[in-house]
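Pasted below: data36.tsv, TSV, C-alpha atoms.
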```tsv
chain	number	residue	atom	x	y	z
A	177	MET	CA	-36.30	57.05	22.21
A	178	LEU	CA	-37.80	59.89	20.20
A	179	GLU	CA	-34.30	61.15	19.47
A	180	GLN	CA	-33.35	57.78	18.01
A	181	LEU	CA	-36.54	57.61	16.00
A	182	ASN	CA	-35.88	61.02	14.52
A	183	ASN	CA	-32.22	60.23	13.78
A	184	GLN	CA	-33.17	57.08	11.94
A	185	LEU	CA	-36.05	58.50	9.99
A	186	TYR	CA	-34.74	61.97	9.14
A	187	ASP	CA	-32.90	60.97	5.97
A	188	ASP	CA	-35.92	59.19	4.52
A	189	LEU	CA	-38.36	61.92	5.50
A	190	SER	CA	-36.25	64.79	4.24
A	191	HIS	CA	-36.75	63.65	0.65
A	192	THR	CA	-40.49	63.89	1.02
A	193	GLU	CA	-42.65	66.52	2.58
A	194	LEU	CA	-43.94	64.10	5.13
A	195	LEU	CA	-43.63	64.70	8.80
A	196	PHE	CA	-45.12	62.80	11.60
A	197	SER	CA	-45.89	63.39	15.18
A	198	VAL	CA	-45.42	61.05	18.09
A	199	PHE	CA	-46.46	61.19	21.71
A	200	TYR	CA	-44.59	58.65	23.78
A	201	ALA	CA	-45.63	57.77	27.32
A	202	ARG	CA	-44.64	55.17	29.89
A	203	TYR	CA	-46.69	54.41	32.98
A	204	ASN	CA	-45.23	53.05	36.19
A	205	ASN	CA	-47.97	51.07	37.93
A	206	ARG	CA	-46.29	51.12	41.29
A	207	THR	CA	-45.45	54.80	41.56
A	208	ARG	CA	-48.45	55.89	39.43
A	209	SER	CA	-46.11	58.08	37.50
A	210	LEU	CA	-46.66	58.77	33.80
A	211	THR	CA	-43.46	59.79	32.02
A	212	TYR	CA	-43.77	61.30	28.56
A	213	ALA	CA	-42.20	63.14	25.64
A	214	ASN	CA	-43.81	64.84	22.66
A	215	ALA	CA	-42.78	65.24	19.03
A	216	GLY	CA	-45.33	67.66	17.67
A	217	HIS	CA	-48.39	65.60	18.51
A	218	ASN	CA	-51.60	67.10	19.77
A	219	LEU	CA	-51.73	67.14	23.52
A	220	PRO	CA	-53.34	64.38	25.57
A	221	ILE	CA	-55.72	65.56	28.27
A	222	VAL	CA	-55.62	64.38	31.86
A	223	PHE	CA	-58.98	64.75	33.58
A	224	ARG	CA	-58.64	64.87	37.36
A	225	THR	CA	-61.65	63.21	38.97
A	226	ASN	CA	-61.25	64.80	42.39
A	227	THR	CA	-61.13	68.41	41.19
A	228	HIS	CA	-62.79	68.09	37.77
A	229	ASN	CA	-59.88	70.11	36.42
A	230	HIS	CA	-57.89	69.08	33.41
A	231	ILE	CA	-54.31	69.46	32.21
A	232	GLU	CA	-52.81	69.07	28.78
A	233	LEU	CA	-49.55	67.17	28.60
A	234	ASP	CA	-46.82	68.90	26.66
A	235	ALA	CA	-43.04	68.72	26.52
A	236	GLU	CA	-40.44	70.48	24.39
A	237	GLY	CA	-39.45	69.09	21.04
A	238	LEU	CA	-40.15	69.36	17.32
A	239	ILE	CA	-42.10	67.14	14.97
A	240	ILE	CA	-40.23	64.12	13.53
A	241	GLY	CA	-38.48	64.73	10.22
A	242	VAL	CA	-37.89	68.44	10.53
A	243	MET	CA	-34.27	68.43	11.64
A	244	PRO	CA	-31.49	65.85	11.62
A	245	SER	CA	-31.05	66.03	15.37
A	246	ILE	CA	-33.63	67.11	17.91
A	247	THR	CA	-33.48	67.20	21.69
A	248	PHE	CA	-36.69	66.12	23.37
A	249	GLU	CA	-37.73	67.02	26.89
A	250	GLU	CA	-38.98	64.32	29.23
A	251	ARG	CA	-41.63	65.15	31.81
A	252	SER	CA	-43.70	63.22	34.27
A	253	ILE	CA	-46.93	63.54	36.14
A	254	GLU	CA	-48.42	61.74	39.15
A	255	LEU	CA	-51.81	60.17	38.58
A	256	SER	CA	-54.51	59.25	41.11
A	257	THR	CA	-57.45	56.86	41.27
A	258	GLY	CA	-60.27	57.93	39.03
A	259	ASP	CA	-58.08	60.03	36.70
A	260	VAL	CA	-58.90	59.63	33.02
A	261	ILE	CA	-56.36	60.31	30.29
A	262	ILE	CA	-57.35	60.70	26.66
A	263	PHE	CA	-54.77	60.36	23.88
A	264	TYR	CA	-56.21	61.28	20.50
A	265	THR	CA	-55.32	62.31	16.98
A	266	ASP	CA	-56.38	65.67	15.60
A	267	GLY	CA	-58.86	63.98	13.28
A	268	PHE	CA	-61.05	63.82	16.38
A	269	SER	CA	-60.94	67.42	17.60
A	270	GLU	CA	-60.87	68.77	14.06
A	271	SER	CA	-63.90	66.88	12.74
A	272	THR	CA	-66.32	69.28	11.16
A	273	ASN	CA	-70.06	69.20	10.73
A	274	SER	CA	-72.00	70.39	7.72
A	275	LYS	CA	-71.84	73.97	9.01
A	276	GLY	CA	-68.07	73.81	9.08
A	277	ILE	CA	-67.83	73.97	12.85
A	278	LEU	CA	-64.98	72.11	14.53
A	279	PHE	CA	-65.75	69.43	17.14
A	280	GLY	CA	-63.07	71.02	19.33
A	281	LYS	CA	-61.47	70.43	22.69
A	282	GLU	CA	-64.44	71.77	24.68
A	283	ARG	CA	-66.68	68.98	23.42
A	284	ILE	CA	-64.04	66.42	24.29
A	285	LEU	CA	-63.85	67.87	27.81
A	286	SER	CA	-67.60	67.70	28.24
A	287	ILE	CA	-67.58	64.05	27.24
A	288	LEU	CA	-64.99	63.46	29.98
A	289	ARG	CA	-66.94	65.49	32.54
A	290	SER	CA	-70.11	63.51	31.87
A	291	ASN	CA	-68.54	60.06	31.63
A	292	TYR	CA	-65.47	59.97	33.86
A	293	ASN	CA	-66.98	57.49	36.28
A	294	THR	CA	-67.80	54.87	33.67
A	295	THR	CA	-65.36	52.39	32.18
A	296	ALA	CA	-62.68	53.29	29.66
A	297	GLU	CA	-64.54	51.33	26.99
A	298	ALA	CA	-67.73	53.24	27.68
A	299	ILE	CA	-65.87	56.54	27.40
A	300	ILE	CA	-64.41	55.59	24.03
A	301	ASP	CA	-67.83	54.51	22.78
A	302	GLN	CA	-69.21	57.84	23.87
A	303	CYS	CA	-66.41	59.65	22.00
A	304	TYR	CA	-67.12	57.85	18.75
A	305	MET	CA	-70.89	58.24	19.10
A	306	SER	CA	-70.52	61.96	19.77
A	307	VAL	CA	-68.28	62.66	16.84
A	308	GLU	CA	-70.40	60.57	14.47
A	309	LYS	CA	-73.52	62.40	15.57
A	310	PHE	CA	-71.76	65.75	15.36
A	311	SER	CA	-70.43	65.34	11.85
A	312	GLU	CA	-73.88	64.22	10.61
A	313	SER	CA	-73.56	63.16	7.01
A	314	SER	CA	-70.19	64.85	6.57
A	315	LEU	CA	-67.45	62.58	5.38
A	316	LEU	CA	-64.68	62.19	7.95
A	317	GLN	CA	-61.74	64.12	6.61
A	318	ASP	CA	-59.08	62.44	8.65
A	319	ASP	CA	-58.89	59.22	10.59
A	320	ILE	CA	-59.51	59.22	14.29
A	321	SER	CA	-57.59	57.29	16.91
A	322	ILE	CA	-58.47	57.48	20.58
A	323	ILE	CA	-56.90	55.82	23.60
A	324	ILE	CA	-58.50	56.18	27.02
A	325	MET	CA	-56.51	55.32	30.10
A	326	LYS	CA	-58.31	55.11	33.40
A	327	ILE	CA	-56.57	54.76	36.75
A	328	TYR	CA	-58.20	52.48	39.28
B	1403	MET	CA	-42.16	95.95	3.34
B	1404	ASN	CA	-39.44	97.30	5.63
B	1405	PHE	CA	-36.68	94.89	6.42
B	1406	ARG	CA	-32.92	94.81	6.89
B	1407	THR	CA	-30.71	91.94	5.77
B	1408	GLU	CA	-27.37	91.21	7.45
B	1409	SER	CA	-24.82	88.48	7.07
B	1410	SER	CA	-23.15	86.92	10.04
B	1411	LYS	CA	-20.48	84.25	9.68
B	1412	ASN	CA	-22.90	81.38	9.89
B	1413	ALA	CA	-26.17	82.70	8.63
B	1414	THR	CA	-28.03	85.46	6.85
B	1415	ILE	CA	-30.50	87.36	9.01
B	1416	ILE	CA	-33.59	89.17	7.80
B	1417	PHE	CA	-34.90	91.63	10.38
B	1418	VAL	CA	-38.58	92.18	9.59
B	1419	GLN	CA	-39.21	95.81	10.51
B	1420	GLU	CA	-42.98	95.84	10.34
B	1421	GLU	CA	-45.71	95.56	12.96
B	1422	ARG	CA	-47.72	93.25	10.73
B	1423	LEU	CA	-46.63	90.35	8.56
B	1424	ASP	CA	-49.77	89.65	6.53
B	1425	ALA	CA	-51.27	89.13	3.07
B	1426	HIS	CA	-50.35	92.66	2.09
B	1427	ASN	CA	-46.59	92.45	2.60
B	1428	SER	CA	-45.62	88.80	3.03
B	1429	GLU	CA	-44.75	88.32	-0.65
B	1430	HIS	CA	-41.92	90.82	-0.26
B	1431	LEU	CA	-40.40	88.66	2.45
B	1432	LYS	CA	-40.72	85.66	0.18
B	1433	THR	CA	-38.94	87.49	-2.61
B	1434	GLU	CA	-36.09	88.48	-0.31
B	1435	MET	CA	-35.71	84.93	1.03
B	1436	ASN	CA	-35.58	83.58	-2.53
B	1437	ARG	CA	-33.00	86.19	-3.48
B	1438	ILE	CA	-30.79	85.02	-0.61
B	1439	PHE	CA	-31.23	81.34	-1.47
B	1440	GLU	CA	-30.41	82.01	-5.09
B	1441	SER	CA	-27.24	83.81	-4.10
B	1442	GLY	CA	-26.03	80.55	-2.61
B	1443	ARG	CA	-26.67	81.25	1.04
B	1444	HIS	CA	-28.80	78.52	2.64
B	1445	ASP	CA	-28.93	79.27	6.34
B	1446	LEU	CA	-31.44	81.90	7.23
B	1447	ILE	CA	-32.67	83.50	10.42
B	1448	ILE	CA	-35.84	85.56	10.32
B	1449	ASP	CA	-36.05	87.98	13.24
B	1450	LEU	CA	-39.63	88.94	14.10
B	1451	LYS	CA	-38.91	91.17	17.09
B	1452	ASP	CA	-40.91	94.09	15.68
B	1453	VAL	CA	-43.84	92.00	14.49
B	1454	ARG	CA	-46.97	92.24	16.65
B	1455	PHE	CA	-49.30	90.38	14.34
B	1456	ILE	CA	-48.96	87.56	11.81
B	1457	ASP	CA	-51.69	86.07	9.64
B	1458	SER	CA	-51.92	82.83	7.65
B	1459	SER	CA	-50.15	84.43	4.66
B	1460	GLY	CA	-47.22	85.38	6.87
B	1461	LEU	CA	-47.10	81.85	8.25
B	1462	GLY	CA	-47.35	80.42	4.73
B	1463	VAL	CA	-44.41	82.45	3.51
B	1464	LEU	CA	-42.27	81.31	6.44
B	1465	VAL	CA	-43.24	77.70	5.73
B	1466	SER	CA	-42.30	78.12	2.08
B	1467	GLY	CA	-38.93	79.53	3.13
B	1468	PHE	CA	-38.47	76.63	5.51
B	1469	LYS	CA	-39.14	74.10	2.75
B	1470	ASN	CA	-36.84	75.93	0.36
B	1471	ALA	CA	-34.05	75.91	2.93
B	1472	SER	CA	-34.53	72.18	3.62
B	1473	THR	CA	-34.36	71.37	-0.07
B	1474	ARG	CA	-30.98	73.09	-0.22
B	1475	GLN	CA	-29.75	71.34	2.92
B	1476	GLY	CA	-29.96	74.65	4.73
B	1477	THR	CA	-31.92	75.89	7.72
B	1478	LEU	CA	-34.48	78.57	8.46
B	1479	LYS	CA	-34.80	79.62	12.09
B	1480	LEU	CA	-36.96	82.21	13.76
B	1481	SER	CA	-36.22	84.62	16.59
B	1482	GLY	CA	-37.88	87.30	18.68
B	1483	LEU	CA	-41.45	86.06	18.56
B	1484	GLN	CA	-43.85	88.29	20.51
B	1485	THR	CA	-46.53	86.61	22.62
B	1486	GLN	CA	-49.43	86.91	20.19
B	1487	VAL	CA	-47.29	85.90	17.22
B	1488	ARG	CA	-46.20	82.83	19.15
B	1489	SER	CA	-49.87	82.03	19.82
B	1490	MET	CA	-50.57	81.90	16.09
B	1491	PHE	CA	-47.73	79.43	15.67
B	1492	GLU	CA	-49.16	77.31	18.46
B	1493	LEU	CA	-52.68	77.46	17.06
B	1494	THR	CA	-51.44	76.10	13.73
B	1495	ARG	CA	-48.91	73.73	15.40
B	1496	LEU	CA	-46.04	75.36	13.55
B	1497	HIS	CA	-44.18	75.91	16.83
B	1498	ARG	CA	-43.29	72.22	16.53
B	1499	VAL	CA	-41.81	72.64	13.07
B	1500	PHE	CA	-39.61	75.71	13.36
B	1501	GLU	CA	-36.69	76.18	15.72
B	1502	ILE	CA	-37.66	79.31	17.58
B	1503	PHE	CA	-35.19	81.39	19.61
B	1504	PRO	CA	-35.84	84.22	22.06
B	1505	SER	CA	-33.32	86.52	20.40
B	1506	VAL	CA	-31.31	86.82	17.21
B	1507	ASP	CA	-28.09	86.25	19.14
B	1508	ASP	CA	-29.41	82.94	20.46
B	1509	ALA	CA	-30.29	81.92	16.93
B	1510	ILE	CA	-26.87	82.90	15.57
B	1511	GLU	CA	-25.13	80.96	18.31
B	1512	SER	CA	-27.02	77.83	17.40
B	1513	CYS	CA	-25.77	77.84	13.79
C	1008	MET	CA	-76.02	97.28	32.09
C	1009	LYS	CA	-76.47	96.25	28.51
C	1010	LYS	CA	-73.75	97.39	26.22
C	1011	ILE	CA	-73.78	96.89	22.47
C	1012	ILE	CA	-71.23	98.22	20.06
C	1013	GLN	CA	-71.99	98.08	16.35
C	1014	LEU	CA	-69.65	99.13	13.61
C	1015	GLN	CA	-70.06	99.20	9.91
C	1016	ILE	CA	-66.95	99.55	7.79
C	1017	ARG	CA	-66.69	99.77	4.04
C	1018	VAL	CA	-63.32	99.51	2.31
C	1019	PRO	CA	-62.08	98.66	-1.16
C	1020	SER	CA	-61.37	94.98	-1.68
C	1021	GLN	CA	-57.58	95.39	-1.32
C	1022	THR	CA	-55.02	94.02	1.13
C	1023	ARG	CA	-53.71	97.49	1.96
C	1024	TYR	CA	-56.80	97.91	4.17
C	1025	LEU	CA	-56.15	94.83	6.29
C	1026	SER	CA	-54.10	96.82	8.75
C	1027	LEU	CA	-56.80	99.47	9.19
C	1028	VAL	CA	-59.58	96.97	9.80
C	1029	GLY	CA	-57.34	94.89	12.06
C	1030	LYS	CA	-56.54	97.92	14.19
C	1031	ILE	CA	-60.21	98.86	14.45
C	1032	GLY	CA	-60.94	95.34	15.62
C	1033	GLU	CA	-58.20	95.54	18.24
C	1034	SER	CA	-59.54	98.87	19.56
C	1035	VAL	CA	-63.06	97.54	19.90
C	1036	ALA	CA	-61.82	94.39	21.62
C	1037	ARG	CA	-59.75	96.35	24.13
C	1038	ASP	CA	-62.73	98.54	24.93
C	1039	ILE	CA	-65.03	95.61	25.57
C	1040	CYS	CA	-62.63	93.42	27.49
C	1041	ARG	CA	-62.47	93.95	31.25
C	1042	ILE	CA	-59.57	91.72	32.17
C	1043	ASN	CA	-56.09	92.90	31.29
C	1044	ASP	CA	-54.53	89.54	30.42
C	1045	ASP	CA	-57.39	88.51	28.24
C	1046	ARG	CA	-57.48	91.86	26.54
C	1047	ASP	CA	-54.38	91.31	24.43
C	1048	ILE	CA	-55.48	87.81	23.47
C	1049	PHE	CA	-58.99	88.94	22.56
C	1050	ALA	CA	-57.64	91.88	20.56
C	1051	ASN	CA	-55.25	89.63	18.66
C	1052	ASN	CA	-57.98	87.08	17.98
C	1053	LEU	CA	-60.39	89.67	16.63
C	1054	ASN	CA	-57.59	91.14	14.51
C	1055	ALA	CA	-56.84	87.63	13.20
C	1056	VAL	CA	-60.45	86.72	12.40
C	1057	LEU	CA	-61.08	90.01	10.59
C	1058	THR	CA	-57.81	89.74	8.67
C	1059	GLU	CA	-58.32	86.14	7.59
C	1060	ALA	CA	-61.95	86.71	6.63
C	1061	MET	CA	-61.05	89.80	4.62
C	1062	VAL	CA	-58.24	88.02	2.80
C	1063	ASN	CA	-60.60	85.21	1.84
C	1064	THR	CA	-63.14	87.70	0.61
C	1065	ILE	CA	-60.54	89.66	-1.37
C	1066	LYS	CA	-58.97	86.61	-2.99
C	1067	HIS	CA	-61.81	84.17	-3.40
C	1068	ALA	CA	-65.20	85.82	-3.06
C	1069	ASN	CA	-64.23	88.98	-4.94
C	1070	SER	CA	-61.74	87.15	-7.18
C	1071	ASP	CA	-58.98	89.69	-6.49
C	1072	ASP	CA	-60.94	92.48	-8.15
C	1073	PRO	CA	-59.62	95.72	-6.59
C	1074	THR	CA	-62.56	97.76	-7.82
C	1075	LYS	CA	-64.97	95.85	-5.60
C	1076	ASP	CA	-65.89	96.82	-2.06
C	1077	ILE	CA	-66.04	94.88	1.18
C	1078	LYS	CA	-68.60	95.74	3.80
C	1079	ILE	CA	-67.96	94.62	7.35
C	1080	ARG	CA	-70.39	94.67	10.27
C	1081	ILE	CA	-69.10	94.02	13.77
C	1082	SER	CA	-71.56	93.68	16.59
C	1083	ILE	CA	-70.39	93.07	20.18
C	1084	SER	CA	-72.65	92.69	23.18
C	1085	ASN	CA	-72.07	91.17	26.63
C	1086	LYS	CA	-73.09	87.81	25.26
C	1087	GLU	CA	-71.93	87.58	21.70
C	1088	LEU	CA	-69.47	88.72	19.08
C	1089	LEU	CA	-70.94	88.74	15.59
C	1090	ILE	CA	-68.94	89.55	12.49
C	1091	ARG	CA	-70.46	89.70	9.03
C	1092	ILE	CA	-68.43	90.28	5.90
C	1093	TYR	CA	-70.38	91.04	2.74
C	1094	ASP	CA	-69.06	90.59	-0.77
C	1095	SER	CA	-70.69	91.29	-4.11
C	1096	GLY	CA	-68.64	88.78	-6.05
C	1097	GLN	CA	-68.81	85.24	-7.30
C	1098	GLY	CA	-68.45	83.81	-3.85
C	1099	PHE	CA	-66.40	80.78	-2.88
C	1100	ASP	CA	-66.86	77.30	-1.50
C	1101	LEU	CA	-66.04	77.39	2.20
C	1102	LYS	CA	-65.33	73.67	2.21
C	1103	LYS	CA	-63.00	73.73	-0.77
C	1104	VAL	CA	-60.63	76.26	0.75
C	1105	SER	CA	-58.56	73.59	2.40
C	1106	ASP	CA	-57.37	73.49	5.95
C	1107	PRO	CA	-54.13	71.75	6.86
C	1108	SER	CA	-55.45	70.36	10.09
C	1109	TYR	CA	-53.55	67.12	9.91
C	1110	ASN	CA	-49.86	66.46	9.85
C	1111	SER	CA	-49.57	65.48	6.22
C	1112	ASP	CA	-50.50	69.05	5.34
C	1113	LEU	CA	-48.76	70.82	8.20
C	1114	LEU	CA	-46.27	72.19	5.65
C	1115	ALA	CA	-48.92	73.40	3.22
C	1116	GLU	CA	-48.18	76.92	2.11
C	1117	SER	CA	-51.80	78.02	2.12
C	1118	GLY	CA	-55.14	77.08	3.57
C	1119	ARG	CA	-54.63	78.03	7.19
C	1120	GLY	CA	-56.92	81.06	7.05
C	1121	ILE	CA	-60.26	79.29	7.36
C	1122	PHE	CA	-58.79	76.91	9.94
C	1123	ILE	CA	-57.76	79.89	12.07
C	1124	ILE	CA	-61.24	81.41	11.83
C	1125	LYS	CA	-62.90	78.11	12.74
C	1126	SER	CA	-60.58	77.66	15.70
C	1127	LEU	CA	-61.22	81.11	17.10
C	1128	MET	CA	-64.96	81.42	16.45
C	1129	ASP	CA	-67.85	79.18	17.45
C	1130	THR	CA	-69.69	79.18	14.14
C	1131	VAL	CA	-68.69	80.12	10.59
C	1132	ILE	CA	-71.32	80.23	7.84
C	1133	TYR	CA	-71.20	81.49	4.27
C	1134	LYS	CA	-74.48	82.20	2.55
C	1135	LYS	CA	-76.07	84.12	-0.29
C	1136	THR	CA	-77.77	87.47	0.13
C	1137	ALA	CA	-79.82	89.63	-2.20
C	1138	CYS	CA	-76.78	91.29	-3.72
C	1139	GLY	CA	-73.97	88.85	-3.10
C	1140	ASN	CA	-72.85	86.76	-0.16
C	1141	VAL	CA	-72.09	87.09	3.55
C	1142	LEU	CA	-69.52	85.35	5.73
C	1143	GLU	CA	-71.04	85.22	9.17
C	1144	MET	CA	-68.95	84.37	12.23
C	1145	LYS	CA	-70.17	84.19	15.81
C	1146	LYS	CA	-68.59	83.70	19.17
C	1147	ALA	CA	-70.31	83.49	22.53
C	1148	LEU	CA	-68.73	85.76	25.14
C	1149	GLU	CA	-68.82	85.60	28.91
```

Any chance you could put this one into structure tokens?
Amino acid sequence: MLEQLNNQLYDDLSHTELLFSVFYARYNNRTRSLTYANAGHNLPIVFRTNTHNHIELDAEGLIIGVMPSITFEERSIELSTGDVIIFYTDGFSESTNSKGILFGKERILSILRSNYNTTAEAIIDQCYMSVEKFSESSLLQDDISIIIMKIY
Amino acid sequence: MNFRTESSKNATIIFVQEERLDAHNSEHLKTEMNRIFESGRHDLIIDLKDVRFIDSSGLGVLVSGFKNASTRQGTLKLSGLQTQVRSMFELTRLHRVFEIFPSVDDAIESC
Amino acid sequence: MKKIIQLQIRVPSQTRYLSLVGKIGESVARDICRINDDRDIFANNLNAVLTEAMVNTIKHANSDDPTKDIKIRISISNKELLIRIYDSGQGFDLKKVSDPSYNSDLLAESGRGIFIIKSLMDTVIYKKTACGNVLEMKKALE
């Protein structure tokens, strides 16, 4: 799918300096398997409830618009009950406060560690509250999109 | 800056023969890339096998070469990235923009 | 056993000295770092932070004036890495030196320097001193 997207959009994008990134994932409810491919997007994090470890999901490929034809790798991962996956844009991890410090992946991980056993909605609320509090009166430099997926 | 330029049938290769590609020498690479583009050759491979360290200026010059190549319907590929150089590309997400090959021969084959 | 290494380096405000300072940073990092795998990464990161900070000082703070000096203080203990870079120039606005942290600027030809420093260090502050300014960068160590 990413290959088709790139093929279709390459001509338009090559006249501009715009590129865009896509992370595409499909979840099979029955097998609990998440299949995914990545076109230059920042990596979603899977937080494993049973071990409290985390993995970042990555697969081979380039960002959309860079080449007329790109081959993307497809990978999959098995999920278990209690696992929390966060998909986010870099506007989130790269928010800065008035001292110029980045919000960063570590803060995102600590939100997951402290909130993994609440609902997905509660986790998202916590993400937005944290980043708003962190950036104080700083203007947000980039928009933030967050998706939380929780496996029951 | 020390470098060696070679032409293969499909591409022009610049072998960067320096340990560091940084603010002090990156402009020389830019000048050489522009010279090649202006001579009508649009497909470039930059081999970084000898480079142990790259800074934001080095990255910037490679990006500028990449954009120049694209404008001329050409390509700019990279080869021979050492571990720490590769890390800088990953930190700045440029590993998802450039086609990166383990060796120059791999890059030449892909042209 | 407490171990603190402190270095003070003074070089002209010119890019030809990036390599020297970078190498000094790598040596210090390799000395301090116990674990082999991490050693190369830590050395590269310290090299990168010193290089990027110096370039910013040379170009922006000291306005490319080669007759100026840069003073660097590196302090490493078990707990913290502290780097201070002093300039005697006009200074620069840390926020204005842009960082291409989102995709629309991924192909920007400049601006990655400060982003790299912010990604590798915990805090980055630029403030005035009695005779100029200081770029202060800290990272907590284990």

Test item: residues at most 9 Å from region 1053-1061 of chain C, all atoms listed in the file, excluding those fewer than 4 positions along its chain, as a ChimeraX atom specification
/B:1424-1425,1455-1459,1490 /C:1020-1022,1025-1026,1028-1033,1035-1036,1048-1049,1065-1066,1077,1079,1090,1092,1119-1121,1123-1125,1127-1128,1142,1144

What are the closest atom pairs, with distances in Å to one decimal, for each residue of chain B lying within 8 Å of chain A, using all atoms listed in the file, rows by chain and rising residue number, as a Markdown table?
```
| residue | atom | partner | partner_atom | distance |
| --- | --- | --- | --- | --- |
| B:Ser1472 | CA | A:Ser190 | CA | 7.6 |
| B:Arg1495 | CA | A:Gly216 | CA | 7.4 |
| B:His1497 | CA | A:Leu238 | CA | 7.7 |
| B:Arg1498 | CA | A:Leu238 | CA | 4.3 |
| B:Val1499 | CA | A:Leu238 | CA | 5.6 |
| B:Phe1500 | CA | A:Leu238 | CA | 7.5 |
| B:Glu1501 | CA | A:Leu238 | CA | 7.8 |
```

Point out the residue among B:Ser1409, B:Ser1481, B:Ser1512, B:Asn1470 with the least atom-to-atom distance to chain C, counting all atoms listed in the file.
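Once distances to chain C are computed over all atoms listed in the file, the minimum belongs to B:Asn1470.
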
Shell around region 288-292 of chain A at 10 Å using all atoms listed in the file, local window under 2 positions removed, as a PyMOL selection string
chain A and resi 221-225+228-230+258-262+282-286+294-296+298-300+302-303+326

Residue among C:Lys1146, C:Lys1010, C:Arg1046, C:Arg1041 lying closest to chain B, counting only C-alpha atoms
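That would be C:Arg1046, the residue with the smallest distance to chain B.
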
For a quick test of understanding: name the residues of chain A lying within 9 Å of chain C when counting only C-alpha atoms, and present them as a ChimeraX atom specification.
/A:193-197,217,265-267,270,275-278,280,318

Computed interatomic separation between CA of Ala1147 (chain C) and CA of Arg1422 (chain B) (Å)
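About the pair CA of Ala1147 (chain C) and CA of Arg1422 (chain B): they are 27.3 Å apart.
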
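Counting from CA of Arg206 (chain A), the distance to CA of Leu181 (chain A) is 27.9 Å.
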
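Here CA of Asp234 (chain A) and CA of Ser252 (chain A) stand 10.0 Å from one another.
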
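Closest approach to chain C among B:Arg1443, B:Lys1411, B:Arg1488, B:Arg1406: B:Arg1488, based on all atoms listed in the file.
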
For chain C, which of B:Glu1511, B:Asp1452, B:Glu1492, B:Glu1434 is the closest residue, counting all atoms listed in the file?
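Residue with the minimum atom-to-atom distance to chain C: B:Glu1492.
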